[in-house]
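Chemist: Let me give you the structure first, and then I'll get to my questions.
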Amino acid sequence: AIVWLGFTVHGGEASGTEAAIALLYQLAAGQDEETRLVLDSTVLLVDPLQNPDGHERHVHDVARLRGPLGVPVSPGAMIHQGTWPGPRTNHYFFDLNRDWFIQAHPETRGRVRTFLEWWPHVAVDLHEMGSNSTYFFAPPMEPINKNVPPVILRWWDIYAAANAAAFDRHGWSFFRREGYDEFYPGYGVSWPILTGAVGMTFEQASSGGGAIRRSDGTVLTLREAARHHYVAAWATTLETARRRAERVRDYLEFRQGAIAAHARGPMRAVLLEQDGQGRADSLVARLLANGIEVGRLRGAVEVRDAVPYGGGRARPARLPAGSYVVDLAQPQGRLAKALLEPDAELDSAFIREELERRRTGQPDRFYDITAWSLPYLFRVRAWWTRGPVGGAEPVGALAAVASPAIPEAGYGYAFEPGAESSLRLLAALLADSVRVWYAPRPFRAGGARFPRGAFLVRVEPNGPGVHEAVRRHAAAAGARVVALRSAMVDEGTDLGSNSVFPIRPPRVALAGGPGISGNSFGFARYAFEQRFRYPVTPVDISSLAGPVLDDFDVLVVPSASPAALDRALGDAGRQRLGEWVRRGGVLVTLESATGWLASERVGLARIRVRRDTVRADSAGGAPLPASVPGAIVRVVADTLSPLLAGMEAEFPVLVNSDLILEAPRDLRPGEVVVRYAPEPRLRLAGYLWPEVPARLAGSPYLWTERVGRGRVVAFAGDPNFRDLWRGLLPLFANAVFLAGSF
């Protein structure tokens, strides 16, 4: 039986790594009967440190703050707090325990590749929780993803009994079935469960910087915390060794059952239409990296019972050649369905209980987002069918797209907006000081049609070196570029029109530091450095009262509470920021930072936060909480703004907060760029509290307005969330690259 043990995916959870070292020593040196049984009956794959960057930050904090007399045990001591943004995350401040299916980071990609080489039967992720807790092991609390079959629940009870017996021998406390769920499929155990492994989260109370006083007066040390993890890991491994044949048999039945269950339906296959921007190709590349089999149609196919994503009944659909088919009747079918199904099902009894808990003032049990369907995230047109779809050939690894040869242009070079390759090309050209123009109207030239928002590189203003620069950057980005002989077009507006405007290469700053969400900061930095490949300079938000902004044209402020931004900036920083915008700067705010921008005191935007509360029908008469636990909703374009280059008239976004904006009565054309859809068409997937749709419908999602010579661009959500929302990359890129030029 093959056992996967992962330790310390959150860098400050130090007891995991210490337990792993002890476990490895026991396996190498132990001569006792139990160790021999484990070595004879299992293969152990031990990842002793899943997050080296975060753990390094934790070690440095502890080493820096530890004195010659040991660790101060007061919970308020600096040694237990960590420096911004804390050690939990990796280099880009992402939570690696949410990255298993999107695989944005090399740590996860290497981990998943190894997992798919071995196909473990048991997978344990060992964490830490609050210092005043005891120890948690599976079974988890509700909700549990509906794609998890009953056999996994049975094994949770088997391992719980083994762990309980091991802890009872020491008189240690523990708990199950509360605090941690198994709904979101991106956790370090939820993803393995859907491959057939018995995935289990273990949570040990944290010892902070090494020793911490708890609310009951006891002091928990790192040594004790590590011992608890060691005992749980050993008990799980030993139980696997003793029941190895049964575990391997049930694993095989899980894999076979995934084929049989999905062959019967009701959801048999998912169809993905190729698009000119390569989003479907990127989605399929992710599926392949998850070990999921994908087919490609050899010719056009008429599907009679195709149910479109986004609503509507089953109806005939004609899929062109090259479209992708994911048949769920495959060994990885449960994982494929969990990632692709339009809407992850939440148990009705769970929802009823949540509504009652909400009414009576108890905290909700939504541990993470409730919607993540990949066709929505990648903005891919998709359908599902009840029956199989023939005519597809297996897809191997997708070859990198090579940029076709580009003949030398007489007048200029043009490329479409929207695709990741075109965004990388635009970023590379601007960073290389190549002059680029924006064409707001569609045209046909050089044998190609271009939508509104195409990018144009004119030869004459750039000089003779532009030909080599365009070829080099297009090849690196994999972008398609068309050479143009003349400014005269075959259809549309000629390219010398005054409507075609130059793009000002932006010098971009990204605000960080205490008060700023480390996750949101990391998501934005990752988008710049890994998706766009464009230089960005992190600056401390508290430094903006000084001359820092003089070096930049664009400032991106990640999500941060209004109170935190007020504290960090102070009156001087707020005033200095306002002056910078009015002189020509572009301020881009994300999610909660937009709530700060929308206040009258800031004075930079005419939008406001909707202040009326959800009705006060709770047991205590207090307003009900309305923060949305990560649902997918539809938004609609409200303008022909350049911020929408490469986007459709409707597309999905994530709602993951309680922020709702209000446009002013004297609304001007082009200010509400994107708004939430009307209530009947709003929700696509995930859970919205009953009152939310009516309050959210029609409100602004993306707002922009002129402020003096500058501009503000405000997102009600975070388009870069976890690198999941690949379909929203053009929206964020346009805000950064174009907002200062129109």
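Chain labels run A, B, ... following the order of the structure tokens; each chain numbers its residues from 1, and ligands are numbered from 1 in the order shown.
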Can you list, as number ranges by chain, every protein, DNA or RNA residue that comes within 10 Å of Arg66 in chain A when you count only C-alpha atoms, leaving out same-chain residues fewer than 6 positions away?
Modeler: A: 60, 72, 78-79, 209-210
Chemist: Those residues with N, CA, C and O atoms, as a PDB file, in the first residue's frame please?
Modeler:
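Saved the output as part_34.pdb:
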```
ATOM      1  N   HIS A  60      13.398  32.528  10.162  1.00  0.00           N
ATOM      2  CA  HIS A  60      14.100  33.808  10.334  1.00  0.00           C
ATOM      3  C   HIS A  60      13.429  34.667  11.398  1.00  0.00           C
ATOM      4  O   HIS A  60      14.106  35.305  12.219  1.00  0.00           O
ATOM      5  N   PRO A  72       9.676  33.633  24.648  1.00  0.00           N
ATOM      6  CA  PRO A  72       8.640  34.202  25.508  1.00  0.00           C
ATOM      7  C   PRO A  72       7.299  33.540  25.207  1.00  0.00           C
ATOM      8  O   PRO A  72       6.907  33.438  24.036  1.00  0.00           O
ATOM      9  N   MET A  78       6.075  39.172  20.029  1.00  0.00           N
ATOM     10  CA  MET A  78       6.331  39.323  18.599  1.00  0.00           C
ATOM     11  C   MET A  78       6.755  38.019  17.936  1.00  0.00           C
ATOM     12  O   MET A  78       6.459  37.785  16.761  1.00  0.00           O
ATOM     13  N   ILE A  79       7.402  37.150  18.663  1.00  0.00           N
ATOM     14  CA  ILE A  79       7.915  35.916  18.087  1.00  0.00           C
ATOM     15  C   ILE A  79       6.794  35.026  17.562  1.00  0.00           C
ATOM     16  O   ILE A  79       7.001  34.190  16.678  1.00  0.00           O
ATOM     17  N   GLY A 209       5.981  30.426  18.085  1.00  0.00           N
ATOM     18  CA  GLY A 209       7.420  30.527  17.879  1.00  0.00           C
ATOM     19  C   GLY A 209       8.214  29.453  18.581  1.00  0.00           C
ATOM     20  O   GLY A 209       9.447  29.520  18.611  1.00  0.00           O
ATOM     21  N   GLY A 210       7.562  28.461  19.177  1.00  0.00           N
ATOM     22  CA  GLY A 210       8.274  27.352  19.811  1.00  0.00           C
ATOM     23  C   GLY A 210       7.746  26.980  21.175  1.00  0.00           C
ATOM     24  O   GLY A 210       7.931  25.845  21.634  1.00  0.00           O
TER      25      GLY A 210
END
```
Chemist: Which residues are close to Tyr135 in chain A, i.e. within 12 Å by only C-alpha atoms, leaving aside same-chain residues fewer than 4 positions away? Reply as number ranges by chain.
Modeler: A: 126-131, 160, 163-164, 167, 172-180, 201-206, 224-229, 231-232
Chemist: List every residue of range 92-191 of chain A that has an atom at most 8 Å from any atom of range 520-531 of chain A, and for each one report the closest atom pair and its distance in Å to one decimal, counting only C-alpha atoms, with rows sorted by chain and then by increasing residue number, as JSON lines.
Modeler:
```
{"residue": "A:Tyr92", "atom": "CA", "partner": "A:Gly522", "partner_atom": "CA", "distance": 4.8}
{"residue": "A:Phe93", "atom": "CA", "partner": "A:Gly522", "partner_atom": "CA", "distance": 4.8}
{"residue": "A:Phe94", "atom": "CA", "partner": "A:Gly522", "partner_atom": "CA", "distance": 6.3}
```
Chemist: How would the residues just picked look written out with N, CA and C atoms as a short mmCIF file (atom, residue, chain, number, x, y, z; two decimals), in the first residue's frame?
Modeler:
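Output below, filename selection_34.cif:
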```cif
data_model
loop_
_atom_site.label_atom_id
_atom_site.label_comp_id
_atom_site.auth_asym_id
_atom_site.auth_seq_id
_atom_site.Cartn_x
_atom_site.Cartn_y
_atom_site.Cartn_z
N TYR A 92 5.17 33.74 -3.58
CA TYR A 92 4.21 34.69 -4.14
C TYR A 92 3.02 34.94 -3.21
N PHE A 93 3.14 34.53 -1.97
CA PHE A 93 2.10 34.75 -0.96
C PHE A 93 0.80 34.05 -1.34
N PHE A 94 0.90 32.91 -2.02
CA PHE A 94 -0.24 32.04 -2.30
C PHE A 94 -0.32 30.97 -1.22
#
```
Chemist: With distances taken over only C-alpha atoms, which residue among A:Leu696, A:Ala165, A:Ile632, A:Val536 lies nearest Arg610 in chain A?
Modeler: A:Leu696
Chemist: How would you write, as a ChimeraX atom specification, the set of residues in range 662-742 of chain A that DSSP gives as strand (DSSP E or B)?
Modeler: /A:662,672-676,683-685,700-707,710-715
Chemist: I want to know what sits within 10 Å of Gly710 in chain A, based on only C-alpha atoms, with residues of the same chain fewer than 4 positions away left out; could you give that as a ChimeraX atom specification?
Modeler: /A:553-554,578-587,705-706,739-742
